[in-house]
$ cat structure16.cif   # mmCIF, C-alpha atoms and all ligand atoms
data_start
#
loop_
_atom_site.label_atom_id
_atom_site.label_comp_id
_atom_site.auth_asym_id
_atom_site.auth_seq_id
_atom_site.Cartn_x
_atom_site.Cartn_y
_atom_site.Cartn_z
CA MET A 291 87.81 123.77 65.51
CA ASP A 292 84.80 121.51 65.99
CA THR A 293 84.20 119.41 69.07
CA LEU A 294 84.93 116.08 67.39
CA ALA A 295 88.29 117.26 66.02
CA LEU A 296 89.26 118.63 69.46
CA GLN A 297 88.23 115.41 71.17
CA ASN A 298 90.35 113.41 68.70
CA GLU A 299 93.33 115.68 69.26
CA ILE A 300 92.95 115.22 73.01
CA LEU A 301 92.79 111.43 72.68
CA GLN A 302 95.96 111.46 70.58
CA LEU A 303 97.83 113.73 73.06
CA LYS A 304 96.58 111.61 75.93
CA LYS A 305 98.25 108.57 74.37
CA GLU A 306 101.50 110.43 73.72
CA ARG A 307 101.64 111.74 77.29
CA ASN A 308 100.47 108.46 78.87
CA ALA A 309 97.80 110.52 80.63
CA ILE A 310 94.46 109.79 82.26
CA ILE A 311 91.60 112.27 82.34
CA LEU A 312 89.43 112.44 85.45
CA ALA A 313 86.25 114.52 85.40
CA HIS A 314 83.79 115.40 88.13
CA ASN A 315 80.07 114.75 87.59
CA TYR A 316 79.45 118.53 87.33
CA GLN A 317 81.76 119.07 84.34
CA ILE A 318 80.37 120.23 80.99
CA PRO A 319 79.11 117.38 78.74
CA GLU A 320 81.98 117.53 76.18
CA VAL A 321 84.54 117.19 78.96
CA GLN A 322 82.68 114.32 80.67
CA ASP A 323 82.57 112.56 77.32
CA ILE A 324 86.38 112.46 76.86
CA ALA A 325 87.18 111.47 80.46
CA ASP A 326 88.49 108.02 81.42
CA ILE A 327 86.47 108.28 84.63
CA THR A 328 83.64 110.60 85.53
CA GLY A 329 82.69 110.40 89.17
CA ASP A 330 82.19 111.90 92.61
CA SER A 331 85.03 113.07 94.87
CA LEU A 332 85.61 109.66 96.43
CA GLU A 333 85.67 107.77 93.13
CA LEU A 334 88.05 110.32 91.62
CA SER A 335 90.38 110.18 94.66
CA ARG A 336 90.45 106.39 94.41
CA ALA A 337 91.16 106.58 90.68
CA ALA A 338 93.99 109.08 91.27
CA ALA A 339 95.50 106.75 93.86
CA THR A 340 95.24 103.53 91.88
CA MET A 341 95.23 104.15 88.12
CA GLY A 342 98.42 103.99 86.03
CA GLY A 343 99.84 106.68 83.76
CA ASP A 344 102.36 109.50 84.11
CA VAL A 345 99.97 112.43 83.95
CA ILE A 346 96.56 113.10 85.52
CA VAL A 347 94.42 115.77 83.87
CA PHE A 348 91.94 116.83 86.54
CA CYS A 349 88.75 118.33 85.18
CA GLY A 350 87.26 119.66 88.38
CA VAL A 351 88.25 122.25 90.98
CA ASP A 352 91.49 122.97 92.84
CA PHE A 353 91.03 120.83 95.97
CA MET A 354 90.35 117.76 93.80
CA ALA A 355 93.58 118.22 91.82
CA GLU A 356 95.48 118.84 95.06
CA THR A 357 94.11 115.60 96.50
CA ALA A 358 95.27 113.76 93.37
CA ALA A 359 98.74 115.34 93.65
CA ILE A 360 98.96 114.29 97.31
CA LEU A 361 97.95 110.70 96.50
CA SER A 362 100.16 110.41 93.40
CA PRO A 363 103.24 112.52 94.13
CA LYS A 364 105.24 110.96 91.29
CA LYS A 365 102.68 111.90 88.64
CA LYS A 366 102.18 115.26 86.99
CA VAL A 367 98.74 116.53 88.00
CA LEU A 368 97.26 119.16 85.70
CA LEU A 369 94.30 121.45 86.39
CA PRO A 370 93.38 122.79 82.93
CA ALA A 371 91.36 125.68 84.40
CA ILE A 372 93.82 127.11 86.91
CA ASP A 373 91.21 129.49 88.39
CA ALA A 374 88.65 126.72 89.06
CA CYS A 375 88.31 126.83 92.83
CA CYS A 376 85.74 125.74 95.40
CA PRO A 377 84.56 128.75 97.44
CA MET A 378 83.61 126.44 100.32
CA ALA A 379 87.22 125.23 100.57
CA GLN A 380 88.27 128.86 101.07
CA MET A 381 85.95 129.25 104.07
CA ILE A 382 88.42 127.83 106.57
CA THR A 383 92.21 128.24 106.87
CA ALA A 384 94.70 126.00 108.67
CA LYS A 385 95.30 128.83 111.15
CA GLU A 386 91.60 129.03 112.03
CA LEU A 387 91.41 125.26 112.38
CA LYS A 388 94.38 125.28 114.77
CA LEU A 389 92.55 127.78 117.00
CA VAL A 390 89.49 125.52 117.17
CA LYS A 391 91.70 122.51 117.94
CA ASP A 392 93.26 124.43 120.86
CA ARG A 393 89.79 125.11 122.22
CA TYR A 394 88.68 121.45 121.94
CA PRO A 395 91.86 119.40 122.59
CA LYS A 396 89.98 116.11 123.02
CA ALA A 397 88.11 116.36 119.72
CA ALA A 398 89.03 114.61 116.47
CA VAL A 399 89.02 116.71 113.30
CA VAL A 400 87.06 115.35 110.36
CA CYS A 401 87.52 117.48 107.27
CA TYR A 402 85.38 117.34 104.18
CA VAL A 403 87.59 116.74 101.13
CA ASN A 404 86.47 120.22 99.93
CA THR A 405 89.37 121.84 101.83
CA THR A 406 92.89 123.04 101.09
CA ALA A 407 95.86 120.69 101.54
CA GLU A 408 96.94 122.81 104.57
CA VAL A 409 93.59 122.19 106.29
CA LYS A 410 93.78 118.46 105.49
CA ALA A 411 97.26 118.44 107.03
CA GLU A 412 95.75 119.71 110.30
CA SER A 413 92.96 117.10 110.26
CA ASP A 414 92.78 113.56 111.60
CA ILE A 415 90.72 112.13 108.79
CA CYS A 416 89.02 113.29 105.59
CA CYS A 417 85.57 112.43 104.35
CA THR A 418 83.50 112.94 101.21
CA SER A 419 79.75 113.28 100.80
CA SER A 420 79.48 109.54 100.17
CA ASN A 421 81.26 108.34 103.32
CA ALA A 422 80.90 111.18 105.87
CA VAL A 423 78.62 109.24 108.25
CA LYS A 424 80.83 106.15 108.11
CA VAL A 425 83.99 108.20 108.68
CA VAL A 426 82.60 110.11 111.67
CA ASN A 427 81.34 106.93 113.29
CA SER A 428 84.70 105.21 112.68
CA VAL A 429 86.79 107.51 114.90
CA LYS A 430 87.18 106.71 118.59
CA GLU A 431 86.78 110.28 119.88
CA GLN A 432 83.34 111.31 121.10
CA GLN A 433 83.72 114.95 120.10
CA ILE A 434 84.18 115.83 116.42
CA ILE A 435 85.25 119.13 114.90
CA PHE A 436 83.65 118.92 111.46
CA VAL A 437 84.92 121.36 108.80
CA PRO A 438 84.03 123.26 106.69
CA ASP A 439 80.44 122.39 105.62
CA ARG A 440 77.86 123.01 108.33
CA ASN A 441 75.04 121.43 106.26
CA LEU A 442 77.00 118.18 105.82
CA ALA A 443 77.91 118.29 109.53
CA LEU A 444 74.24 118.62 110.50
CA TYR A 445 73.32 115.80 108.13
CA VAL A 446 75.97 113.52 109.67
CA ALA A 447 74.74 114.40 113.17
CA ARG A 448 71.40 112.77 112.32
CA PHE A 449 73.17 109.40 112.11
CA SER A 450 75.72 109.66 114.89
CA LYS A 451 75.74 109.66 118.68
CA LYS A 452 78.88 111.80 118.65
CA GLU A 453 78.98 115.46 119.58
CA ILE A 454 79.53 117.26 116.30
CA LEU A 455 80.96 120.79 116.28
CA PRO A 456 80.26 122.22 112.81
CA TRP A 457 82.29 124.97 111.17
CA GLU A 458 80.05 127.58 109.54
CA GLY A 459 81.10 127.04 105.91
CA PHE A 460 78.69 126.16 103.12
CA CYS A 461 78.47 125.50 99.40
CA ILE A 462 77.29 128.66 97.64
CA VAL A 463 75.45 126.50 95.07
CA HIS A 464 73.61 124.02 97.30
CA ASP A 465 72.91 126.43 100.11
CA GLN A 466 70.75 128.58 97.84
CA ILE A 467 68.32 125.73 97.19
CA MET A 468 65.29 126.54 99.37
CA PRO A 469 62.25 124.59 100.62
CA GLU A 470 60.16 126.75 98.26
CA HIS A 471 62.03 125.15 95.35
CA VAL A 472 60.95 121.78 96.72
CA ASP A 473 57.30 122.90 96.99
CA LYS A 474 57.30 124.16 93.43
CA ALA A 475 59.04 121.10 91.95
CA LYS A 476 56.75 118.68 93.83
CA GLN A 477 53.71 120.60 92.63
CA ILE A 478 54.81 120.30 89.00
CA HIS A 479 56.03 116.68 89.31
CA PRO A 480 53.93 115.08 92.06
CA GLU A 481 55.03 111.52 91.22
CA ALA A 482 58.77 112.26 91.15
CA VAL A 483 61.23 110.98 93.79
CA LEU A 484 63.28 113.79 95.40
CA LEU A 485 67.04 113.08 95.56
CA VAL A 486 69.33 115.69 97.15
CA HIS A 487 72.99 116.20 97.95
CA PRO A 488 73.97 116.45 101.66
CA GLU A 489 75.42 119.94 101.07
CA CYS A 490 71.78 121.14 100.95
CA ARG A 491 70.18 122.92 103.88
CA PRO A 492 68.52 120.76 106.60
CA GLU A 493 65.06 122.13 105.64
CA VAL A 494 65.59 120.76 102.11
CA ILE A 495 67.06 117.46 103.33
CA ASP A 496 63.98 117.00 105.57
CA ARG A 497 61.81 116.87 102.45
CA ALA A 498 64.02 114.50 100.43
CA ASP A 499 63.29 110.84 99.69
CA GLU A 500 67.02 110.07 99.44
CA VAL A 501 70.25 111.93 100.30
CA ALA A 502 73.44 110.94 98.46
CA SER A 503 76.70 112.02 96.83
CA THR A 504 76.61 112.92 93.14
CA SER A 505 77.44 109.36 92.07
CA GLY A 506 75.04 108.03 94.72
CA ILE A 507 72.24 110.07 93.12
CA ILE A 508 73.12 108.73 89.63
CA LYS A 509 73.18 105.15 90.93
CA HIS A 510 69.83 105.62 92.65
CA VAL A 511 68.17 106.93 89.47
CA CYS A 512 69.63 104.14 87.33
CA THR A 513 68.72 101.28 89.67
CA SER A 514 65.33 102.49 90.90
CA GLN A 515 62.04 100.98 89.73
CA LYS A 516 60.67 104.52 89.61
CA ASN A 517 60.76 106.64 86.48
CA GLU A 518 60.65 110.29 87.56
CA PHE A 519 63.12 112.16 89.76
CA ILE A 520 63.72 115.69 91.02
CA ILE A 521 67.48 116.18 91.32
CA GLY A 522 68.66 118.44 94.15
CA THR A 523 72.25 119.15 93.21
CA GLU A 524 74.33 120.98 90.59
CA VAL A 525 72.73 120.71 87.14
CA GLY A 526 75.84 119.28 85.39
CA ILE A 527 74.93 115.89 86.85
CA LEU A 528 71.96 115.66 84.47
CA HIS A 529 74.26 114.91 81.50
CA ARG A 530 75.70 111.78 83.10
CA ILE A 531 72.27 110.60 84.19
CA LYS A 532 70.98 111.04 80.64
CA ARG A 533 73.99 109.14 79.29
CA GLU A 534 73.70 106.23 81.73
CA CYS A 535 69.93 105.82 81.97
CA PRO A 536 68.33 107.76 79.10
CA THR A 537 64.81 106.49 79.71
CA LYS A 538 64.48 108.07 83.18
CA LEU A 539 62.89 111.52 83.51
CA CYS A 540 64.95 113.88 85.69
CA TYR A 541 64.10 117.47 86.59
CA PRO A 542 66.47 119.89 88.34
CA LEU A 543 65.25 121.01 91.77
CA SER A 544 66.65 124.44 90.95
CA GLU A 545 67.88 125.59 87.52
CA MET A 546 70.01 128.11 89.43
CA ALA A 547 72.12 125.36 91.02
CA LEU A 548 75.10 125.91 88.75
CA CYS A 549 78.70 125.89 89.96
CA ARG A 550 80.56 128.40 87.79
CA ASN A 551 83.91 127.01 88.86
CA MET A 552 83.01 123.54 87.63
CA LYS A 553 82.23 125.04 84.20
CA LYS A 554 85.59 126.73 83.72
CA THR A 555 87.17 123.65 82.12
CA ASP A 556 86.58 123.21 78.39
CA LEU A 557 88.09 121.06 75.65
CA ILE A 558 90.51 123.78 74.52
CA LYS A 559 91.94 124.06 78.05
CA VAL A 560 92.21 120.28 78.32
CA ARG A 561 94.02 120.11 74.97
CA ASP A 562 96.35 122.97 75.87
CA SER A 563 97.21 121.48 79.26
CA LEU A 564 98.11 118.16 77.62
CA LYS A 565 100.30 119.99 75.12
CA SER A 566 102.17 122.17 77.61
CA LEU A 567 101.85 119.97 80.74
CA GLU A 568 100.67 123.12 82.53
CA PRO A 569 99.10 124.37 84.78
CA ARG A 570 100.59 121.81 87.14
CA ILE A 571 99.38 121.39 90.72
CA THR A 572 101.97 120.51 93.35
CA VAL A 573 101.78 120.35 97.12
CA PRO A 574 104.87 120.97 99.30
CA GLU A 575 106.12 117.60 100.60
CA GLU A 576 105.80 118.51 104.28
CA ILE A 577 102.10 119.42 103.90
CA ALA A 578 101.43 116.58 101.47
CA ASP A 579 102.80 113.99 103.93
CA LYS A 580 100.46 115.09 106.70
CA ALA A 581 97.45 115.55 104.41
CA ARG A 582 98.06 112.10 102.87
CA ARG A 583 97.65 110.51 106.28
CA ALA A 584 94.16 112.02 106.65
CA ILE A 585 93.14 111.05 103.11
CA ASN A 586 94.51 107.50 103.34
CA ARG A 587 92.80 107.00 106.67
CA MET A 588 89.54 107.84 104.91
CA LEU A 589 90.30 105.48 102.00
CA ASP A 590 90.94 102.68 104.54
CA VAL A 591 87.51 103.28 106.10
P1 LIG A 601 80.53 114.72 95.43
O1 LIG A 601 81.70 114.13 96.13
O2 LIG A 601 79.21 114.21 95.95
O3 LIG A 601 80.63 114.55 93.95
O4 LIG A 601 80.49 116.29 95.74
C1 LIG A 601 81.52 117.16 95.41
C2 LIG A 601 81.07 118.54 95.41
O5 LIG A 601 81.83 119.47 95.27
C3 LIG A 601 79.66 118.77 95.60
O6 LIG A 601 79.36 120.10 95.53
FE1 LIG A 602 82.44 123.80 95.78
FE2 LIG A 602 79.79 123.84 95.80
FE3 LIG A 602 81.09 124.06 93.49
FE4 LIG A 602 81.04 121.73 94.83
S1 LIG A 602 79.30 122.79 93.91
S2 LIG A 602 82.81 122.68 93.88
S3 LIG A 602 81.09 122.46 96.94
S4 LIG A 602 81.12 125.50 95.20
#
$ encode --input "structure16.cif" --output "structure tokens" --more "lines below"
Ligand code: 13P
Ligand code: SF4
Amino acid sequence: MDTLALQNEILQLKKERNAIILAHNYQIPEVQDIADITGDSLELSRAAATMGGDVIVFCGVDFMAETAAILSPKKKVLLPAIDACCPMAQMITAKELKLVKDRYPKAAVVCYVNTTAEVKAESDICCTSSNAVKVVNSVKEQQIIFVPDRNLALYVARFSKKEILPWEGFCIVHDQIMPEHVDKAKQIHPEAVLLVHPECRPEVIDRADEVASTSGIIKHVCTSQKNEFIIGTEVGILHRIKRECPTKLCYPLSEMALCRNMKKTDLIKVRDSLKSLEPRITVPEEIADKARRAINRMLDV
């Protein structure tokens, strides 16, 4: 079946099911193109919390669908690619976090949204890449246990007087971008502005002109007076940039920055999930209640 026919079938099923489709900025182009909203983690969490409909089809990875299920417990949340996970979110368990909390009883726990619902339930407040600095500076405690991304923790520490205790997790995609990639890209495109995601290593962030979430990077490209950009994040973002500001020239900082989990969703899986209303993501009420507190506290900030 060709792409257009599949997209039409999905639109028809979407109507019948009263569903909304949310897609992360790293999704494959065909999936981004049928989504109601394509965005970063914060925008998609907000959409899950506020948009109508009976069904949310989440084209992203597991923790994103879990967050949507926590925020909209009455809706059916579907993750078309059931094996789409975020390896960083697997780098800390609730049990490990409890041990750290016992060691630092006065500290607040700020957890990156790239975590399991169980870890969120053990945290005081969540953050995303677009609000991490604001969230950390909003809590009253002076000491902060920041999980699981050490690169994001170190980035936040540059803008905070708080004592930040980073967990040693990392994104397997962003962490492999090296300063040598920056040297090479700047040599080839000397006039280009370097925009990077805060999951990158500090040595890469040091060389960047701007550090932002995925949607922050897109906004920067589209509103800047400049014309050429080197993009230091997962390459799927280039499709949305091309769609929203086609005249700008964007080059990936590393062609290798590809998140395989974000590419597991395709149109066939989206269609099938709308047909069968599976695979459905649910979070046990007891965990969801606690995790919701941490997520809502972030949305209030
Ligand atoms: P954003 O919230 O910036 O879109 O990041 C999500 C993510 O998984 C980045 O790797
Ligand atoms: Fe997780 Fe990194 Fe993939 Fe984002 S890009 S979903 S942080 S592995």
$ atom_distance --input "structure16.cif" --atom1 "atom C3 of ligand LIG 601 (chain A)" --atom2 "CA of Lys580 (chain A)"
23.9 Å
$ axis_aligned_box --input "structure16.cif" --around "ligand LIG 601 (chain A)" --padding-each-side "8 Å" --output "lines of an AutoDock Vina configuration file"
center_x = 80.5
center_y = 117.1
center_z = 95.0
size_x = 18.6
size_y = 22.0
size_z = 18.2
$ atom_distance --input "structure16.cif" --atom1 "CA of Thr537 (chain A)" --atom2 "CA of Glu500 (chain A)"
20.2 Å
$ residues_around --input "structure16.cif" --residues "region 395-412 of chain A" --least-positions-apart "4" --cutoff "6 Å" --atoms "only C-alpha atoms" --output "JSON, numbers by chain"
{"A": [353, 379, 384, 391, 416, 417, 418, 431, 433, 434, 435, 436, 437, 577, 580, 581]}
$ closest_residue --input "structure16.cif" --among "A:Val390, A:Val423, A:Ile360, A:Cys349" --to "Val591 (chain A)" --atoms "all atoms listed in the file"
A:Val423
$ atom_distance --input "structure16.cif" --atom1 "CA of Phe449 (chain A)" --atom2 "CA of Asn315 (chain A)"
26.0 Å
$ closest_residue --input "structure16.cif" --among "A:Ile467, A:Met341, A:Asp499, A:Arg440" --to "Val511 (chain A)" --atoms "only C-alpha atoms"
A:Asp499
$ closest_residue --input "structure16.cif" --among "A:Met552, A:Leu485, A:Val472, A:Ile531" --to "ligand LIG 602 (chain A)" --atoms "only C-alpha atoms and all ligand atoms"
A:Met552
